[in-house]
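Encoded as structure tokens, the structure appears first; notes follow it.
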Number of protein chains: 2
Amino acid sequence: MDIIKVKANSRTAAVAGAIAGVVREHRHAEIQAIGAGAVNQAIKALVLAKGYLAEDNIIVVAVPEFVDVEIEGKVRTAIKLNVEIR
Amino acid sequence: MDIIKVKANSRTAAVAGAIAGVVREHRHAEIQAIGAGAVNQAIKALVLAKGYLAEDNIIVVAVPEFVDVEIEGKVRTAIKLNVEIR
């Protein structure tokens, strides 16, 4: 399962569709965002995805955690949102 | 139960302590943030609070939603994070 990587300029509707699709297939999704703009987009997309999935009676919750990721040789702290079915 | 309102310049450790305290007392907390910086601080604080609570075997999940709030006569869309015990 691929991690859904969100950027500050990601479109929320597109990310939301990806989250909903991954949750439908895998019953779980992982979203990764680095920086305030990206985290904000990720949360907004998650709210939309939650609505899409609720139409199919799939109720999701999020468990956030910090993860260190290496980008161009530098270690940065990302927020990972683990999306799980309640 | 008061809503925990987070700003972009809120200290994550202080917010995390507030979240953990409210969850311990009420088994539930509500966090509200407006804007990318505030949402990012709220999520970071939630990760910290999750760690504090896990020491007491309290495992929390978050359910995000949009809420409209009126600030100085203008309606703005906030992110509300409902923190629940799994």
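Labels used: A, B, ... for chains in the order of the structure tokens, numbers from 1 for residues in each chain, and numbers from 1 for ligands as shown.
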Would you mind aligning chain B to chain A, a least-squares fit over all C-alpha atoms taken in order, and returning the superposed chain as an mmCIF file with C-alpha atoms, in the first residue's frame?
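Below is the file selection.cif, written as the result:
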```cif
data_model
loop_
_atom_site.group_PDB
_atom_site.id
_atom_site.type_symbol
_atom_site.label_atom_id
_atom_site.label_comp_id
_atom_site.auth_asym_id
_atom_site.auth_seq_id
_atom_site.Cartn_x
_atom_site.Cartn_y
_atom_site.Cartn_z
ATOM 1 C CA MET B 1 -0.025 0.005 0.021
ATOM 2 C CA ASP B 2 1.415 3.358 -0.980
ATOM 3 C CA ILE B 3 1.614 6.254 1.449
ATOM 4 C CA ILE B 4 -0.450 9.219 0.268
ATOM 5 C CA LYS B 5 1.938 12.167 0.267
ATOM 6 C CA VAL B 6 0.291 15.565 0.590
ATOM 7 C CA LYS B 7 1.828 18.935 -0.245
ATOM 8 C CA ALA B 8 0.695 22.440 0.605
ATOM 9 C CA ASN B 9 -0.540 22.873 -2.963
ATOM 10 C CA SER B 10 -2.238 19.482 -3.227
ATOM 11 C CA ARG B 11 -5.898 19.687 -4.224
ATOM 12 C CA THR B 12 -8.012 18.562 -1.279
ATOM 13 C CA ALA B 13 -10.650 16.862 -3.453
ATOM 14 C CA ALA B 14 -8.012 14.810 -5.271
ATOM 15 C CA VAL B 15 -6.327 13.791 -2.018
ATOM 16 C CA ALA B 16 -9.713 12.985 -0.481
ATOM 17 C CA GLY B 17 -10.528 10.715 -3.403
ATOM 18 C CA ALA B 18 -7.204 8.938 -3.004
ATOM 19 C CA ILE B 19 -7.770 8.447 0.730
ATOM 20 C CA ALA B 20 -11.268 7.073 0.191
ATOM 21 C CA GLY B 21 -10.049 4.728 -2.539
ATOM 22 C CA VAL B 22 -7.193 3.331 -0.464
ATOM 23 C CA VAL B 23 -9.424 2.875 2.608
ATOM 24 C CA ARG B 24 -12.045 1.064 0.518
ATOM 25 C CA GLU B 25 -9.391 -1.303 -0.856
ATOM 26 C CA HIS B 26 -7.135 -1.794 2.160
ATOM 27 C CA ARG B 27 -9.363 -0.852 5.155
ATOM 28 C CA HIS B 28 -6.526 1.494 6.142
ATOM 29 C CA ALA B 29 -4.596 4.408 4.657
ATOM 30 C CA GLU B 30 -1.459 6.336 5.511
ATOM 31 C CA ILE B 31 -1.137 10.041 4.756
ATOM 32 C CA GLN B 32 2.147 11.911 5.074
ATOM 33 C CA ALA B 33 2.595 15.681 5.221
ATOM 34 C CA ILE B 34 5.558 17.936 5.948
ATOM 35 C CA GLY B 35 4.985 21.520 7.010
ATOM 36 C CA ALA B 36 1.940 23.474 8.155
ATOM 37 C CA GLY B 37 0.418 23.991 4.711
ATOM 38 C CA ALA B 38 0.667 20.312 3.847
ATOM 39 C CA VAL B 39 -0.700 19.174 7.224
ATOM 40 C CA ASN B 40 -3.650 21.533 6.803
ATOM 41 C CA GLN B 41 -4.408 20.169 3.317
ATOM 42 C CA ALA B 42 -4.137 16.612 4.630
ATOM 43 C CA ILE B 43 -6.649 17.255 7.418
ATOM 44 C CA LYS B 44 -9.053 19.022 5.080
ATOM 45 C CA ALA B 45 -8.809 16.116 2.625
ATOM 46 C CA LEU B 46 -9.418 13.686 5.480
ATOM 47 C CA VAL B 47 -12.621 15.508 6.451
ATOM 48 C CA LEU B 48 -13.837 15.224 2.854
ATOM 49 C CA ALA B 49 -12.808 11.552 2.605
ATOM 50 C CA LYS B 50 -14.592 10.832 5.887
ATOM 51 C CA GLY B 51 -17.772 12.194 4.281
ATOM 52 C CA TYR B 52 -17.333 10.122 1.109
ATOM 53 C CA LEU B 53 -16.755 6.949 3.128
ATOM 54 C CA ALA B 54 -19.625 7.655 5.525
ATOM 55 C CA GLU B 55 -21.970 7.400 2.512
ATOM 56 C CA ASP B 56 -20.954 3.733 2.401
ATOM 57 C CA ASN B 57 -21.255 3.402 6.183
ATOM 58 C CA ILE B 58 -17.480 3.295 6.553
ATOM 59 C CA ILE B 59 -16.571 5.350 9.611
ATOM 60 C CA VAL B 60 -12.920 6.326 9.839
ATOM 61 C CA VAL B 61 -10.737 7.736 12.584
ATOM 62 C CA ALA B 62 -7.209 9.140 12.408
ATOM 63 C CA VAL B 63 -4.197 8.365 14.550
ATOM 64 C CA PRO B 64 -1.449 10.947 14.008
ATOM 65 C CA GLU B 65 2.234 10.324 14.650
ATOM 66 C CA PHE B 66 5.603 11.893 13.899
ATOM 67 C CA VAL B 67 7.889 10.149 11.427
ATOM 68 C CA ASP B 68 11.371 11.118 10.284
ATOM 69 C CA VAL B 69 11.772 11.143 6.529
ATOM 70 C CA GLU B 70 14.864 11.854 4.464
ATOM 71 C CA ILE B 71 14.394 14.339 1.651
ATOM 72 C CA GLU B 72 17.330 15.280 -0.546
ATOM 73 C CA GLY B 73 19.740 14.028 2.126
ATOM 74 C CA LYS B 74 18.123 15.963 4.991
ATOM 75 C CA VAL B 75 16.064 14.422 7.764
ATOM 76 C CA ARG B 76 12.729 16.156 8.277
ATOM 77 C CA THR B 77 9.894 15.429 10.651
ATOM 78 C CA ALA B 78 6.655 14.598 8.913
ATOM 79 C CA ILE B 79 3.183 14.087 10.281
ATOM 80 C CA LYS B 80 1.776 10.686 9.395
ATOM 81 C CA LEU B 81 -1.961 10.243 9.692
ATOM 82 C CA ASN B 82 -2.978 6.615 10.022
ATOM 83 C CA VAL B 83 -6.558 6.348 8.838
ATOM 84 C CA GLU B 84 -8.379 3.379 10.302
ATOM 85 C CA ILE B 85 -11.915 2.092 10.229
ATOM 86 C CA ARG B 86 -13.640 2.416 13.575
#
```
